[in-house]
Every structure is written in C-alpha cells, then in structure tokens.
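The next block is structure_33.pdb, given as PDB, C-alpha atoms.
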```pdb
ATOM      1  CA  LEU A   1     -15.005 155.854-121.084  1.00  0.00           C
ATOM      2  CA  VAL A   2     -13.679 154.306-117.876  1.00  0.00           C
ATOM      3  CA  ALA A   3     -11.125 157.047-117.180  1.00  0.00           C
ATOM      4  CA  PRO A   4      -9.394 159.859-119.045  1.00  0.00           C
ATOM      5  CA  GLY A   5      -5.617 159.936-118.844  1.00  0.00           C
ATOM      6  CA  PRO A   6      -3.669 163.119-119.473  1.00  0.00           C
ATOM      7  CA  VAL A   7      -0.098 161.985-120.068  1.00  0.00           C
ATOM      8  CA  LEU A   8       3.161 163.274-118.667  1.00  0.00           C
ATOM      9  CA  HIS A   9       5.767 162.574-121.345  1.00  0.00           C
ATOM     10  CA  ILE A  10       9.229 161.721-120.035  1.00  0.00           C
ATOM     11  CA  PRO A  11      11.703 161.791-122.945  1.00  0.00           C
ATOM     12  CA  ASN A  12      14.471 159.964-121.054  1.00  0.00           C
ATOM     13  CA  LYS A  13      13.335 156.987-119.000  1.00  0.00           C
ATOM     14  CA  ALA A  14      16.694 157.018-117.191  1.00  0.00           C
ATOM     15  CA  ALA A  15      15.115 159.822-115.145  1.00  0.00           C
ATOM     16  CA  MET A  16      13.259 157.014-113.323  1.00  0.00           C
ATOM     17  CA  ASN A  17      16.494 155.450-112.033  1.00  0.00           C
ATOM     18  CA  MET A  18      17.280 155.685-108.331  1.00  0.00           C
ATOM     19  CA  TYR A  19      20.837 155.673-107.020  1.00  0.00           C
ATOM     20  CA  GLU A  20      22.614 154.957-103.789  1.00  0.00           C
ATOM     21  CA  THR A  21      23.569 157.992-101.737  1.00  0.00           C
ATOM     22  CA  ASP A  22      27.000 158.572-100.251  1.00  0.00           C
ATOM     23  CA  PRO A  23      26.396 158.634 -96.470  1.00  0.00           C
ATOM     24  CA  LEU A  24      29.104 161.248 -95.896  1.00  0.00           C
ATOM     25  CA  THR A  25      28.233 163.758 -98.612  1.00  0.00           C
ATOM     26  CA  GLY A  26      24.573 162.997 -99.203  1.00  0.00           C
ATOM     27  CA  GLN A  27      25.291 163.046-102.953  1.00  0.00           C
ATOM     28  CA  ARG A  28      23.840 160.477-105.341  1.00  0.00           C
ATOM     29  CA  ASP A  29      26.344 157.999-106.738  1.00  0.00           C
ATOM     30  CA  THR A  30      25.160 157.600-110.326  1.00  0.00           C
ATOM     31  CA  THR A  31      27.424 154.580-110.767  1.00  0.00           C
ATOM     32  CA  LYS A  32      25.363 152.617-108.219  1.00  0.00           C
ATOM     33  CA  GLU A  33      21.773 152.201-109.374  1.00  0.00           C
ATOM     34  CA  SER A  34      19.540 151.010-106.542  1.00  0.00           C
ATOM     35  CA  GLY A  35      16.202 150.667-108.321  1.00  0.00           C
ATOM     36  CA  LYS A  36      13.502 152.474-110.265  1.00  0.00           C
ATOM     37  CA  GLN A  37      10.883 155.019-109.234  1.00  0.00           C
ATOM     38  CA  LEU A  38       7.561 153.397-108.322  1.00  0.00           C
ATOM     39  CA  ILE A  39       5.689 155.578-110.827  1.00  0.00           C
ATOM     40  CA  LEU A  40       7.362 153.521-113.568  1.00  0.00           C
ATOM     41  CA  ASN A  41       4.751 150.814-112.876  1.00  0.00           C
ATOM     42  CA  TYR A  42       2.083 153.195-114.181  1.00  0.00           C
ATOM     43  CA  CYS A  43       3.890 154.352-117.336  1.00  0.00           C
ATOM     44  CA  PHE A  44       3.823 153.106-120.898  1.00  0.00           C
ATOM     45  CA  GLY A  45       7.001 152.669-122.877  1.00  0.00           C
ATOM     46  CA  HIS A  46       8.854 150.479-125.325  1.00  0.00           C
ATOM     47  CA  GLY A  47      12.098 148.616-124.649  1.00  0.00           C
ATOM     48  CA  LYS A  48      13.760 150.196-127.667  1.00  0.00           C
ATOM     49  CA  SER A  49      12.750 153.760-126.844  1.00  0.00           C
ATOM     50  CA  THR A  50      13.812 156.242-124.179  1.00  0.00           C
ATOM     51  CA  LEU A  51      10.288 157.728-124.055  1.00  0.00           C
ATOM     52  CA  LEU A  52       7.835 157.064-121.219  1.00  0.00           C
ATOM     53  CA  LEU A  53       4.192 158.116-121.178  1.00  0.00           C
ATOM     54  CA  CYS A  54       2.772 158.346-117.665  1.00  0.00           C
ATOM     55  CA  PRO A  55      -0.973 158.933-117.173  1.00  0.00           C
ATOM     56  CA  TYR A  56      -1.546 161.203-114.200  1.00  0.00           C
ATOM     57  CA  THR A  57      -5.169 160.801-113.316  1.00  0.00           C
ATOM     58  CA  SER A  58      -6.386 159.162-110.114  1.00  0.00           C
ATOM     59  CA  PRO A  59      -8.672 156.547-111.701  1.00  0.00           C
ATOM     60  CA  SER A  60      -5.877 155.094-113.847  1.00  0.00           C
ATOM     61  CA  ALA A  61      -3.954 154.102-110.709  1.00  0.00           C
ATOM     62  CA  TYR A  62      -6.740 151.632-109.910  1.00  0.00           C
ATOM     63  CA  ILE A  63      -6.672 149.860-113.261  1.00  0.00           C
ATOM     64  CA  ASN A  64      -4.782 146.591-112.905  1.00  0.00           C
ATOM     65  CA  HIS A  65      -3.290 143.901-115.129  1.00  0.00           C
ATOM     66  CA  SER A  66      -5.060 140.852-116.482  1.00  0.00           C
ATOM     67  CA  ARG A  67      -4.608 138.595-119.472  1.00  0.00           C
ATOM     68  CA  LYS A  68      -8.421 138.822-119.735  1.00  0.00           C
ATOM     69  CA  PRO A  69      -8.926 142.600-119.718  1.00  0.00           C
ATOM     70  CA  ASN A  70     -12.266 144.377-119.720  1.00  0.00           C
ATOM     71  CA  ALA A  71     -10.785 147.704-120.881  1.00  0.00           C
ATOM     72  CA  ARG A  72      -8.163 148.985-123.293  1.00  0.00           C
ATOM     73  CA  VAL A  73      -6.088 152.100-123.834  1.00  0.00           C
ATOM     74  CA  VAL A  74      -6.657 154.389-126.820  1.00  0.00           C
ATOM     75  CA  TRP A  75      -5.444 157.841-127.722  1.00  0.00           C
ATOM     76  CA  ALA A  76      -7.898 160.582-126.800  1.00  0.00           C
ATOM     77  CA  ASP A  77      -9.743 162.227-129.654  1.00  0.00           C
ATOM     78  CA  ASP A  78      -9.205 165.733-130.986  1.00  0.00           C
ATOM     79  CA  THR A  79     -11.952 167.161-128.774  1.00  0.00           C
ATOM     80  CA  THR A  80     -10.065 166.311-125.571  1.00  0.00           C
ATOM     81  CA  LYS A  81      -8.576 169.347-123.846  1.00  0.00           C
ATOM     82  CA  ASN A  82      -4.753 169.350-123.886  1.00  0.00           C
ATOM     83  CA  HIS A  83      -4.518 166.531-126.429  1.00  0.00           C
ATOM     84  CA  ASN A  84      -2.596 167.474-129.549  1.00  0.00           C
ATOM     85  CA  ALA A  85      -3.089 164.634-132.009  1.00  0.00           C
ATOM     86  CA  ASP A  86      -0.397 166.081-134.268  1.00  0.00           C
ATOM     87  CA  TRP A  87       2.184 165.309-131.545  1.00  0.00           C
ATOM     88  CA  LEU A  88       1.632 161.610-132.291  1.00  0.00           C
ATOM     89  CA  GLN A  89       3.511 162.099-135.565  1.00  0.00           C
ATOM     90  CA  GLU A  90       6.515 163.697-133.857  1.00  0.00           C
ATOM     91  CA  ASP A  91       9.678 162.117-132.475  1.00  0.00           C
ATOM     92  CA  VAL A  92      11.237 162.072-129.008  1.00  0.00           C
ATOM     93  CA  GLU A  93      13.381 165.100-129.854  1.00  0.00           C
ATOM     94  CA  PHE A  94      10.191 167.107-130.439  1.00  0.00           C
ATOM     95  CA  LEU A  95       8.764 165.982-127.093  1.00  0.00           C
ATOM     96  CA  LYS A  96      11.973 166.998-125.308  1.00  0.00           C
ATOM     97  CA  GLN A  97      11.234 170.581-126.380  1.00  0.00           C
ATOM     98  CA  GLN A  98       7.663 170.582-125.042  1.00  0.00           C
ATOM     99  CA  GLU A  99       7.207 172.037-121.572  1.00  0.00           C
ATOM    100  CA  ALA A 100       3.472 171.450-121.289  1.00  0.00           C
ATOM    101  CA  ILE A 101       1.171 168.453-121.311  1.00  0.00           C
ATOM    102  CA  GLY A 102       0.031 167.762-124.831  1.00  0.00           C
ATOM    103  CA  LEU A 103      -1.055 164.120-124.997  1.00  0.00           C
ATOM    104  CA  SER A 104      -3.938 162.195-123.449  1.00  0.00           C
ATOM    105  CA  LEU A 105      -5.065 158.592-123.335  1.00  0.00           C
ATOM    106  CA  ASN A 106      -8.487 157.171-122.639  1.00  0.00           C
ATOM    107  CA  PHE A 107      -9.170 153.953-120.799  1.00  0.00           C
ATOM    108  CA  VAL A 108     -12.290 152.528-122.443  1.00  0.00           C
ATOM    109  CA  ALA A 109     -14.388 149.504-121.579  1.00  0.00           C
ATOM    110  CA  THR A 110     -14.412 146.608-124.023  1.00  0.00           C
ATOM    111  CA  ARG A 111     -17.648 145.314-122.511  1.00  0.00           C
ATOM    112  CA  ASP A 112     -20.151 146.370-119.861  1.00  0.00           C
ATOM    113  CA  ILE A 113     -18.466 146.635-116.451  1.00  0.00           C
ATOM    114  CA  ARG A 114     -20.689 146.043-113.440  1.00  0.00           C
ATOM    115  CA  PRO A 115     -20.654 148.443-110.462  1.00  0.00           C
ATOM    116  CA  GLY A 116     -17.906 147.337-108.064  1.00  0.00           C
ATOM    117  CA  GLU A 117     -16.184 145.177-110.703  1.00  0.00           C
ATOM    118  CA  GLU A 118     -12.438 145.703-111.007  1.00  0.00           C
ATOM    119  CA  VAL A 119     -11.148 147.257-114.222  1.00  0.00           C
ATOM    120  CA  PHE A 120      -8.272 145.526-116.033  1.00  0.00           C
ATOM    121  CA  ILE A 121      -6.060 146.193-119.030  1.00  0.00           C
ATOM    122  CA  ASP A 122      -3.372 143.872-120.366  1.00  0.00           C
ATOM    123  CA  TYR A 123       0.017 145.361-119.446  1.00  0.00           C
ATOM    124  CA  GLY A 124       1.745 142.865-121.736  1.00  0.00           C
ATOM    125  CA  ARG A 125       4.007 139.861-121.336  1.00  0.00           C
ATOM    126  CA  GLU A 126       7.167 141.927-120.811  1.00  0.00           C
ATOM    127  CA  TRP A 127       5.614 143.709-117.825  1.00  0.00           C
ATOM    128  CA  GLU A 128       4.305 140.436-116.417  1.00  0.00           C
ATOM    129  CA  LYS A 129       7.733 138.813-116.694  1.00  0.00           C
ATOM    130  CA  ALA A 130       9.424 141.808-115.031  1.00  0.00           C
ATOM    131  CA  TRP A 131       6.832 141.821-112.220  1.00  0.00           C
ATOM    132  CA  LYS A 132       7.344 138.131-111.468  1.00  0.00           C
ATOM    133  CA  LYS A 133      11.113 138.682-111.366  1.00  0.00           C
ATOM    134  CA  TYR A 134      10.678 141.666-109.042  1.00  0.00           C
ATOM    135  CA  VAL A 135       8.427 139.740-106.645  1.00  0.00           C
ATOM    136  CA  LYS A 136      10.842 136.802-106.573  1.00  0.00           C
ATOM    137  CA  GLU A 137      13.938 138.946-105.930  1.00  0.00           C
ATOM    138  CA  TRP A 138      12.525 141.688-103.693  1.00  0.00           C
ATOM    139  CA  LYS A 139      13.953 142.045-100.193  1.00  0.00           C
ATOM    140  CA  PRO A 140      13.109 144.628 -97.537  1.00  0.00           C
ATOM    141  CA  PRO A 141      15.569 147.524 -97.193  1.00  0.00           C
ATOM    142  CA  VAL A 142      18.532 146.854 -94.897  1.00  0.00           C
ATOM    143  CA  ASP A 143      17.427 149.473 -92.348  1.00  0.00           C
ATOM    144  CA  SER A 144      13.858 148.167 -92.041  1.00  0.00           C
ATOM    145  CA  ASP A 145      13.925 146.060 -88.862  1.00  0.00           C
ATOM    146  CA  ASP A 146      10.188 146.573 -88.343  1.00  0.00           C
ATOM    147  CA  PHE A 147       9.196 145.730 -91.925  1.00  0.00           C
ATOM    148  CA  ALA A 148       5.936 143.829 -92.359  1.00  0.00           C
ATOM    149  CA  PRO A 149       4.505 142.922 -95.770  1.00  0.00           C
ATOM    150  CA  ALA A 150       1.200 144.499 -96.767  1.00  0.00           C
ATOM    151  CA  THR A 151      -0.535 141.100 -96.586  1.00  0.00           C
ATOM    152  CA  THR A 152       0.379 140.819 -92.880  1.00  0.00           C
ATOM    153  CA  LEU A 153      -0.927 144.306 -92.173  1.00  0.00           C
ATOM    154  CA  GLN A 154      -4.129 143.591 -94.114  1.00  0.00           C
ATOM    155  CA  LYS A 155      -4.770 140.417 -92.106  1.00  0.00           C
ATOM    156  CA  ALA A 156      -4.294 142.362 -88.853  1.00  0.00           C
ATOM    157  CA  VAL A 157      -6.791 145.033 -89.951  1.00  0.00           C
ATOM    158  CA  LEU A 158      -9.383 142.482 -91.071  1.00  0.00           C
ATOM    159  CA  GLN A 159      -9.303 140.523 -87.794  1.00  0.00           C
TER
END
```

So that I can check it, write out the structure of this file as structure tokens.
Amino acid sequence: LVAPGPVLHIPNKAAMNMYETDPLTGQRDTTKESGKQLILNYCFGHGKSTLLLCPYTSPSAYINHSRKPNARVVWADDTTKNHNADWLQEDVEFLKQQEAIGLSLNFVATRDIRPGEEVFIDYGREWEKAWKKYVKEWKPPVDSDDFAPATTLQKAVLQ
C-alpha cells in the first residue's frame, strides 16, 4: 500500500465549474464559465458520467502521471474504515442521498519502489490530452502584472 484514499463523492461535476463575477454586484454569472476548480486534477471521473470521486488524503496529492506507472488504483477492501463496498453497486442517484464518506481507494505499488523514488499512476490518455491543451492555452490572469511562472521562481530559489 502506497497510500490510502478516502473518497469524497461529488454527484454533479458541474460543481467544479468556476464563473466570472459581476464587478458591481459581486454575484457569479453562471452564463460565463471561467474555468474549473484545481481539485478537479486530483479527481477520477468518466466523460459520460456526472460523478466525480476525489481522494482526500495528503499522500495522493504527490502521486503523478506517467505512461510507465509504478502504482495503480484499486478499491479498498471491506476491512477499510468508512468503505462500503455495497455502494459500488449503486447509482449516482444513491450517492446524491449520502451525506457521509462511504468509499475509499488504495494506491498500491505494482513493483518495489525505492526510498525517494517518485510514485506514478497512469491518469489516462484523455487526461494527458486535456493537460497538454491546458498548458498550451494557459495565460496569466489579466490582473496579474507581477506574475512569474513557477519555473522562474524555482530557478531563483536554487541559485
């Protein structure tokens, strides 16, 4: 076991949408989507489903993407606290009614991982394609005159 992963289930992934705000009223304009919540990068979902499963354990945030992974994701077993295996047979409507955490994932090694070695899972081709598109199209926010990319800041710290 590399890391356990209790899962926050989000029945409607539209909850991850961000919207522009009217400068006069401070109200969100739900007709003007401005992006997605960053946590979406750490969630599992399917393009044809509204459901998102978001692990909320610190170690899982450090597991990155590779086409040559050294770990994989599996459902936790029945002995894991707060994991209800019977929920896996239910639909999104059932999950909408649940107000508590009831699912867990495990990140497990597929081979021995050396101390200090980075842990990778394969996020899939769809994620990889979306990430490349994001990187290509990303621009700093309009009001960020002092913006510096993380790579610039890292170089300054390492000098």

Can you list, as a list of chain:residue names, the residues that the PyMOL selection byres ((chain A and resi 14) around 10) selects here?
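This file gives the following for the PyMOL selection byres ((chain A and resi 14) around 10): A:Ile10, A:Pro11, A:Asn12, A:Lys13, A:Ala15, A:Met16, A:Asn17, A:Met18, A:Lys36, A:Thr50, A:Leu51, A:Leu52.
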
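For the pair CA of Lys96 (chain A) and CA of Phe44 (chain A), the interatomic distance is 16.7 Å.
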
Residue neighbourhood Ser58 (chain A), 10 Å, all atoms listed in the file, exclusion window fewer than 6 positions, as a VMD selection string
chain A and resid 3 to 5

Dump as an mmCIF file, keeping the file's coordinate frame, selection limited to C-alpha atoms:
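After the write, part-v6.cif holds the following:
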```cif
data_model
loop_
_atom_site.group_PDB
_atom_site.id
_atom_site.type_symbol
_atom_site.label_atom_id
_atom_site.label_comp_id
_atom_site.auth_asym_id
_atom_site.auth_seq_id
_atom_site.Cartn_x
_atom_site.Cartn_y
_atom_site.Cartn_z
ATOM 1 C CA ALA A 3 -11.125 157.047 -117.180
ATOM 2 C CA PRO A 4 -9.394 159.859 -119.045
ATOM 3 C CA GLY A 5 -5.617 159.936 -118.844
#
```

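In this model, the gap between CA of Leu38 (chain A) and CA of Ser144 (chain A) comes to 18.2 Å.
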
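Of the residues listed (A:Val157, A:Leu103, A:Val7, A:Leu40), A:Leu103 shows the shortest atom-to-atom separation from Asp77 (chain A); distances use only C-alpha atoms.
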
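Closest approach to Gln37 (chain A) from the set A:Ser49, A:Trp138, A:Tyr19, A:Leu105 is made by A:Tyr19, with distances taken over only C-alpha atoms.
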
Separation of CA of Gly102 (chain A) and CA of Leu88 (chain A), in Å?
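So the answer is 9.8 Å.
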
In terms of the shortest atom-to-atom distance over all atoms listed in the file, which of A:His65, A:Lys139, A:Arg114, A:Arg72 is closest to Asn41 (chain A)?
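Looking at the shortest contact to Asn41 (chain A), the residue is A:His65.
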
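Near Asn70 (chain A), within a cut-off of 12 Å and counting all atoms listed in the file, sit the residues Leu1, Val2, Ile63, Asn64, His65, Ser66, Arg67, Lys68, Arg72, Val73, Phe107, Val108, Ala109, Thr110, Arg111, Asp112, Ile113, Arg114, Glu117, Glu118, Val119, Phe120, Ile121 and Asp122 of chain A, with same-chain residues fewer than 2 positions away left out.
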
If you take every atom of region 136-144 of chain A that the file lists and fit an axis-aligned box around them with 4 Å extra on each side, what centre and edge lengths come out in Å to one decimal, as JSON?
```
{"center_x": 14.7, "center_y": 143.1, "center_z": -99.3, "size_x": 15.7, "size_y": 20.7, "size_z": 22.5}
```

Nearest to Ser34 (chain A) by atom-to-atom distance, counting all atoms listed in the file, from A:Ala85, A:Asn106, A:Pro141, A:Pro69:
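Looking only at the distances to Ser34 (chain A), the closest residue turns out to be A:Pro141.
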
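Take the candidates A:Lys155, A:His9, A:Lys81, A:Arg28 and check each one against Pro55 (chain A) using only C-alpha atoms; the shortest distance goes to A:His9.
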
Closest of A:Lys129, A:Gly45, A:Pro6, A:Asp145 to Asn84 (chain A) - atom-to-atom distances counting all atoms listed in the file:
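Selected residue with least distance to Asn84 (chain A): A:Pro6.
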
Using the structure block above, produce a file of region 145-157 of chain A that contains all heavy atoms, as a PDB file, in the first residue's frame.
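Final output, part-v5.pdb:
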```pdb
ATOM      1  N   ASP A 145      -0.049  41.577 -12.996  1.00  0.00           N
ATOM      2  CA  ASP A 145       1.120  42.259 -13.568  1.00  0.00           C
ATOM      3  C   ASP A 145       2.438  41.680 -13.072  1.00  0.00           C
ATOM      4  O   ASP A 145       3.437  41.688 -13.785  1.00  0.00           O
ATOM      5  CB  ASP A 145       1.072  43.761 -13.248  1.00  0.00           C
ATOM      6  CG  ASP A 145      -0.118  44.445 -13.899  1.00  0.00           C
ATOM      7  OD1 ASP A 145      -0.608  43.931 -14.940  1.00  0.00           O
ATOM      8  OD2 ASP A 145      -0.576  45.461 -13.357  1.00  0.00           O
ATOM      9  N   ASP A 146       2.454  41.164 -11.848  1.00  0.00           N
ATOM     10  CA  ASP A 146       3.693  40.646 -11.271  1.00  0.00           C
ATOM     11  C   ASP A 146       3.808  39.127 -11.395  1.00  0.00           C
ATOM     12  O   ASP A 146       4.604  38.514 -10.699  1.00  0.00           O
ATOM     13  CB  ASP A 146       3.777  41.034  -9.785  1.00  0.00           C
ATOM     14  CG  ASP A 146       3.864  42.538  -9.599  1.00  0.00           C
ATOM     15  OD1 ASP A 146       4.431  43.217 -10.481  1.00  0.00           O
ATOM     16  OD2 ASP A 146       3.354  43.034  -8.585  1.00  0.00           O
ATOM     17  N   PHE A 147       3.034  38.527 -12.290  1.00  0.00           N
ATOM     18  CA  PHE A 147       3.044  37.075 -12.433  1.00  0.00           C
ATOM     19  C   PHE A 147       4.419  36.573 -12.875  1.00  0.00           C
ATOM     20  O   PHE A 147       5.061  37.147 -13.748  1.00  0.00           O
ATOM     21  CB  PHE A 147       2.003  36.618 -13.460  1.00  0.00           C
ATOM     22  CG  PHE A 147       2.088  35.144 -13.754  1.00  0.00           C
ATOM     23  CD1 PHE A 147       1.551  34.221 -12.880  1.00  0.00           C
ATOM     24  CD2 PHE A 147       2.760  34.683 -14.872  1.00  0.00           C
ATOM     25  CE1 PHE A 147       1.651  32.868 -13.122  1.00  0.00           C
ATOM     26  CE2 PHE A 147       2.875  33.324 -15.134  1.00  0.00           C
ATOM     27  CZ  PHE A 147       2.311  32.418 -14.248  1.00  0.00           C
ATOM     28  N   ALA A 148       4.859  35.500 -12.230  1.00  0.00           N
ATOM     29  CA  ALA A 148       6.081  34.803 -12.649  1.00  0.00           C
ATOM     30  C   ALA A 148       5.773  33.306 -12.602  1.00  0.00           C
ATOM     31  O   ALA A 148       5.197  32.824 -11.625  1.00  0.00           O
ATOM     32  CB  ALA A 148       7.238  35.135 -11.716  1.00  0.00           C
ATOM     33  N   PRO A 149       6.122  32.565 -13.654  1.00  0.00           N
ATOM     34  CA  PRO A 149       5.853  31.127 -13.619  1.00  0.00           C
ATOM     35  C   PRO A 149       6.661  30.430 -12.527  1.00  0.00           C
ATOM     36  O   PRO A 149       7.729  30.913 -12.114  1.00  0.00           O
ATOM     37  CB  PRO A 149       6.265  30.643 -15.008  1.00  0.00           C
ATOM     38  CG  PRO A 149       7.077  31.720 -15.608  1.00  0.00           C
ATOM     39  CD  PRO A 149       6.764  32.991 -14.882  1.00  0.00           C
ATOM     40  N   ALA A 150       6.162  29.301 -12.072  1.00  0.00           N
ATOM     41  CA  ALA A 150       6.817  28.554 -11.001  1.00  0.00           C
ATOM     42  C   ALA A 150       8.259  28.201 -11.363  1.00  0.00           C
ATOM     43  O   ALA A 150       9.133  28.202 -10.493  1.00  0.00           O
ATOM     44  CB  ALA A 150       6.027  27.296 -10.675  1.00  0.00           C
ATOM     45  N   THR A 151       8.524  27.917 -12.640  1.00  0.00           N
ATOM     46  CA  THR A 151       9.890  27.555 -13.040  1.00  0.00           C
ATOM     47  C   THR A 151      10.856  28.716 -12.803  1.00  0.00           C
ATOM     48  O   THR A 151      11.999  28.507 -12.406  1.00  0.00           O
ATOM     49  CB  THR A 151       9.947  27.135 -14.517  1.00  0.00           C
ATOM     50  OG1 THR A 151       9.351  28.155 -15.321  1.00  0.00           O
ATOM     51  CG2 THR A 151       9.219  25.825 -14.747  1.00  0.00           C
ATOM     52  N   THR A 152      10.406  29.944 -13.022  1.00  0.00           N
ATOM     53  CA  THR A 152      11.245  31.125 -12.766  1.00  0.00           C
ATOM     54  C   THR A 152      11.527  31.254 -11.276  1.00  0.00           C
ATOM     55  O   THR A 152      12.666  31.512 -10.864  1.00  0.00           O
ATOM     56  CB  THR A 152      10.552  32.402 -13.289  1.00  0.00           C
ATOM     57  OG1 THR A 152      10.333  32.251 -14.686  1.00  0.00           O
ATOM     58  CG2 THR A 152      11.388  33.647 -13.015  1.00  0.00           C
ATOM     59  N   LEU A 153      10.498  31.084 -10.474  1.00  0.00           N
ATOM     60  CA  LEU A 153      10.670  31.179  -9.020  1.00  0.00           C
ATOM     61  C   LEU A 153      11.587  30.063  -8.511  1.00  0.00           C
ATOM     62  O   LEU A 153      12.430  30.299  -7.646  1.00  0.00           O
ATOM     63  CB  LEU A 153       9.312  31.115  -8.329  1.00  0.00           C
ATOM     64  CG  LEU A 153       8.350  32.250  -8.686  1.00  0.00           C
ATOM     65  CD1 LEU A 153       6.982  31.981  -8.083  1.00  0.00           C
ATOM     66  CD2 LEU A 153       8.890  33.579  -8.209  1.00  0.00           C
ATOM     67  N   GLN A 154      11.443  28.867  -9.056  1.00  0.00           N
ATOM     68  CA  GLN A 154      12.297  27.753  -8.636  1.00  0.00           C
ATOM     69  C   GLN A 154      13.761  28.037  -8.958  1.00  0.00           C
ATOM     70  O   GLN A 154      14.637  27.787  -8.145  1.00  0.00           O
ATOM     71  CB  GLN A 154      11.829  26.472  -9.308  1.00  0.00           C
ATOM     72  CG  GLN A 154      12.603  25.243  -8.843  1.00  0.00           C
ATOM     73  CD  GLN A 154      12.117  23.976  -9.504  1.00  0.00           C
ATOM     74  OE1 GLN A 154      11.485  24.003 -10.556  1.00  0.00           O
ATOM     75  NE2 GLN A 154      12.427  22.845  -8.894  1.00  0.00           N
ATOM     76  N   LYS A 155      14.020  28.576 -10.142  1.00  0.00           N
ATOM     77  CA  LYS A 155      15.402  28.892 -10.528  1.00  0.00           C
ATOM     78  C   LYS A 155      15.994  29.924  -9.580  1.00  0.00           C
ATOM     79  O   LYS A 155      17.150  29.839  -9.193  1.00  0.00           O
ATOM     80  CB  LYS A 155      15.443  29.413 -11.963  1.00  0.00           C
ATOM     81  CG  LYS A 155      15.228  28.324 -12.989  1.00  0.00           C
ATOM     82  CD  LYS A 155      15.194  28.906 -14.413  1.00  0.00           C
ATOM     83  CE  LYS A 155      14.821  27.836 -15.408  1.00  0.00           C
ATOM     84  NZ  LYS A 155      14.614  28.392 -16.757  1.00  0.00           N
ATOM     85  N   ALA A 156      15.195  30.927  -9.186  1.00  0.00           N
ATOM     86  CA  ALA A 156      15.666  31.964  -8.273  1.00  0.00           C
ATOM     87  C   ALA A 156      16.012  31.381  -6.911  1.00  0.00           C
ATOM     88  O   ALA A 156      17.014  31.757  -6.299  1.00  0.00           O
ATOM     89  CB  ALA A 156      14.617  33.066  -8.125  1.00  0.00           C
ATOM     90  N   VAL A 157      15.206  30.441  -6.425  1.00  0.00           N
ATOM     91  CA  VAL A 157      15.448  29.814  -5.126  1.00  0.00           C
ATOM     92  C   VAL A 157      16.694  28.936  -5.169  1.00  0.00           C
ATOM     93  O   VAL A 157      17.457  28.893  -4.216  1.00  0.00           O
ATOM     94  CB  VAL A 157      14.204  28.981  -4.699  1.00  0.00           C
ATOM     95  CG1 VAL A 157      14.525  28.124  -3.504  1.00  0.00           C
ATOM     96  CG2 VAL A 157      13.044  29.905  -4.397  1.00  0.00           C
TER      97      VAL A 157
END
```
